[in-house]
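Heads up: the structure comes next, in structure tokens.
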Amino acid sequence: MVTDVVVIGGGPAGMSAALSASRTGAKVTLVERDEVLGGILNQCIHNGFGLHFFHEELTGPEFAYRFRKMVEGDKNIKVLTSTLVTKIEDKKVEFMGKNGVQEIAAKAVVLAMGCRERTAGNISLCGTRPAGIVTAGVAQKMVNIDGKMVGKDIVILGSGDIGLIMARRLTLEGAKVHAVFEINSTSSGLRRNIMQCLEDFDIPLFFNTTIFEVVGKDRVEGVFYGQVDENFRPIESTRKFLKCDTVVLSVGLVPEMYIAPNATICKTTGGAVVNEFYQTDKEWLFSCGNILHVHDLVDNVAIEAEQAGEFAGLFTLGKLPEHSKTLFVQAGEGVSYVLPYSLFEGQGKVTLKLRLKEKVVRKTLVAKCGANILGKKFILAGVPGEMMSFEIEKNGATDKIVVGIE
Ligand SMILES: Cc1cc2nc3c(=O)[nH]c(=O)nc-3n(C[C@H](O)[C@H](O)[C@H](O)COP(=O)(O)OP(=O)(O)OC[C@H]3O[C@@H](n4cnc5c(N)ncnc54)[C@H](O)[C@@H]3O)c2cc1C
């Protein structure tokens, strides 16, 4: 098989990238391991999707359906579902599908494989390993797709968005969610989710707190939990026991980079290092969506992937704008990462995406090249859980750009 662009992953990022690559005139093959396109959205039956992209509040499946219809109506896009990509080597993509192992030769490849969840092993959770320890995404799939409950008396570890949403979902399905424990002093979840998923249901959220030990032989019987010090070490004098039959883990996502061919990876995001065109250090390899950095809103995923797909399409047609001098972008004071990691010298505006290291109130985000100020944005209140967009002017940037809080 031969094509211009192969997009790997049929979630919102993959579908959006495939559509925009196709609009450039490139031939596209979209590969998805699941039976249907849609990615993680298919199991997110709550609303809160699409406000920016479709200017409507949609559920996850509704958002996915709209994209699926557009993809299916595009004759330039060939869709392969139930097909797992196993290797990417030298612009050749190897996959396993209905006809066994095959290969596609492409001019460009877009990585859009999303994230996987961190497990009990990943966080070295202490105690026994009985039934009843599940990740939040697995719990979500069991409840929303398979129609099965994970347990009756639940404790959630981690206050990221998936954990918060599952606290509400499991409560609505009749379980008692006793507590959400968060090891940090702030939540990485959206403020609206803390209010709508915990506070509205009187579910307590404990900061600086973690599970010391899981107890149980065949099934979870309870957890010892307590507070941690500033180095996240358990403070034994605060140890308490809580009876429960299920521990739901919402302790972070890891970009699915295991098949990406030696692209340079950012230690903070776990995703590839990309330039303004979403190109990795292999010029034919592009990346977008959750595999690039974890997004809080799917609308931002769709917008980012739309750009990445367009650049990938233009690249295959030899129409990508000429590269000028590379300007590296660096995270400064109070900022954990800024994306893209480099821009090209020139004119015009560019939107940077970033996350803060900690909560800030009434501060200013500033982008500078030496003494030259390229952009400023006032932040009334910002938290690490919310991804921020920041538009800057490239004019006047001739060297490294630093983005920080002042
Ligand atoms: C529980 C939960 C609640 C959320 N709530 C909201 C919300 O309220 N509002 C909102 O805007 N956003 C929400 N989000 C975020 C949003 O859903 C994600 O940001 C978005 O789905 C990420 O899109 P993606 O395409 O990058 O990844 P995914 O949706 O994960 O898609 C990746 C796709 O790649 C496929 N894939 C992976 N590896 C391979 C391979 N080797 N070969 C072939 N295919 C492969 C996967 O099967 C999957 O279909 C939520 C996310 C979760 C998990």
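For the structure tokens, the naming scheme is as follows: chains receive sequential letters (A, B, ...) according to their order of presentation, residues are indexed from 1 within each chain, and ligands are indexed from 1 in presentation order.
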Mind running chain A against ligand 1 at 6 Å and telling me each contacting residue's nearest atom pair with the distance in Å (one decimal), counting only C-alpha atoms and all ligand atoms, chain and number ascending, as CSV?
```
residue,atom,partner,partner_atom_place_in_ligand_line,distance
A:Ile8,CA,ligand 1,43 (C),5.5
A:Gly9,CA,ligand 1,34 (O),3.2
A:Gly10,CA,ligand 1,49 (O),4.8
A:Gly11,CA,ligand 1,31 (O),3.5
A:Pro12,CA,ligand 1,25 (O),4.1
A:Ala13,CA,ligand 1,25 (O),3.7
A:Gly14,CA,ligand 1,25 (O),5.5
A:Val31,CA,ligand 1,43 (C),5.4
A:Glu32,CA,ligand 1,44 (N),3.8
A:Arg33,CA,ligand 1,43 (C),4.0
A:Asp34,CA,ligand 1,47 (O),5.2
A:Gly38,CA,ligand 1,49 (O),5.8
A:Gly39,CA,ligand 1,49 (O),3.1
A:Ile40,CA,ligand 1,29 (O),3.9
A:Leu41,CA,ligand 1,17 (O),5.0
A:Cys44,CA,ligand 1,3 (C),5.6
A:Gly48,CA,ligand 1,8 (O),4.3
A:Phe49,CA,ligand 1,11 (O),4.3
A:Thr83,CA,ligand 1,43 (C),5.9
A:Leu84,CA,ligand 1,42 (N),3.9
A:Val85,CA,ligand 1,42 (N),3.9
A:Thr86,CA,ligand 1,41 (N),5.8
A:Ala112,CA,ligand 1,26 (O),5.5
A:Met113,CA,ligand 1,34 (O),3.6
A:Gly114,CA,ligand 1,27 (O),3.5
A:Cys115,CA,ligand 1,30 (O),5.6
A:Gly137,CA,ligand 1,1 (C),5.8
A:Ile162,CA,ligand 1,1 (C),3.9
A:Gly289,CA,ligand 1,26 (O),3.6
A:Asn290,CA,ligand 1,26 (O),3.8
A:Ile291,CA,ligand 1,26 (O),5.8
A:His295,CA,ligand 1,19 (O),4.7
A:Asp296,CA,ligand 1,15 (C),5.3
A:Leu297,CA,ligand 1,11 (O),3.2
A:Val298,CA,ligand 1,11 (O),3.7
A:Asp299,CA,ligand 1,11 (O),5.6
A:Val301,CA,ligand 1,23 (O),6.0
```
Exercise for the section: Can you list, as a PyMOL selection string, all residues belonging to stretch 64-284 of chain A that DSSP tags as strand (DSSP E)? Expected result: chain A and resi 77-80+84-89+92-97+100-105+108-111+115-117+133-135+153-157+176-181+205-206+209-215+222-227+240-243+246-249+253-255
Practice task
Would you list the contacts of A:Gly334 as a list in words, taking every protein, DNA or RNA residue within 8 Å and counting only C-alpha atoms, but skipping same-chain residues closer than 2 positions in sequence?
Solution key: Gly332, Ser336, Leu356, Lys357, Glu358, Gly404 and Ile405 of chain A
Hey, can you spit out that residue selection with C-alpha atoms as a compact mmCIF listing (two decimals), in the first residue's frame?
```txt
# COMPACT_ATOMS: atom_id res chain seq x y z
CA GLY A 332 10.72 30.23 32.29
CA SER A 336 6.27 23.73 33.42
CA LEU A 356 1.77 26.45 34.95
CA LYS A 357 3.88 24.82 37.65
CA GLU A 358 1.60 25.97 40.46
CA GLY A 404 7.48 32.95 32.25
CA ILE A 405 5.36 34.47 35.00
```
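You can rank A:Ala139, A:Ala308, A:Met387, A:Ala120 by their closest distance to A:Ser16 using only C-alpha atoms, and at the top of that list sits A:Ala308.
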Exercise for the section: Run DSSP on the backbone and grab whatever in stretch 34-238 of chain A lands in alpha helix (DSSP H); send it over as JSON, numbers by chain. Expected result: {"A": [60, 61, 62, 63, 64, 65, 66, 67, 68, 69, 70, 71, 72, 136, 137, 138, 139, 140, 141, 142, 143, 144, 161, 162, 163, 164, 165, 166, 167, 168, 169, 170, 171, 172, 191, 192, 193]}
Exercise for the section: May I have the residues within 8 Å of A:Arg68 as number ranges by chain, using only C-alpha atoms and disregarding those fewer than 3 positions away in the same chain? Expected result: A: 15, 37-38, 64-65, 71-72
Go ahead and write the residues just picked, N, CA and C atoms, as a tab-separated table (two decimals), in the first residue's frame.
```tsv
chain	number	residue	atom	x	y	z
A	15	MET	N	-8.86	12.01	13.66
A	15	MET	CA	-9.89	12.35	12.67
A	15	MET	C	-9.72	13.79	12.18
A	37	LEU	N	-14.24	4.50	15.01
A	37	LEU	CA	-13.49	5.73	15.25
A	37	LEU	C	-14.09	6.46	16.45
A	38	GLY	N	-13.31	7.31	17.09
A	38	GLY	CA	-13.85	8.10	18.21
A	38	GLY	C	-12.92	8.18	19.41
A	64	ALA	N	-17.74	12.80	18.78
A	64	ALA	CA	-17.04	11.82	17.92
A	64	ALA	C	-17.86	11.54	16.66
A	65	TYR	N	-19.19	11.43	16.82
A	65	TYR	CA	-20.07	11.11	15.70
A	65	TYR	C	-19.96	12.17	14.59
A	71	VAL	N	-15.40	12.31	8.29
A	71	VAL	CA	-14.34	11.43	7.77
A	71	VAL	C	-14.93	10.46	6.76
A	72	GLU	N	-16.08	9.88	7.11
A	72	GLU	CA	-16.71	8.90	6.21
A	72	GLU	C	-17.12	9.54	4.89
```
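Residue nearest A:Lys92 within the list A:Leu172, A:Ala305, A:Val6, A:Leu51: A:Val6 [criterion: smallest interatomic distance, only C-alpha atoms].
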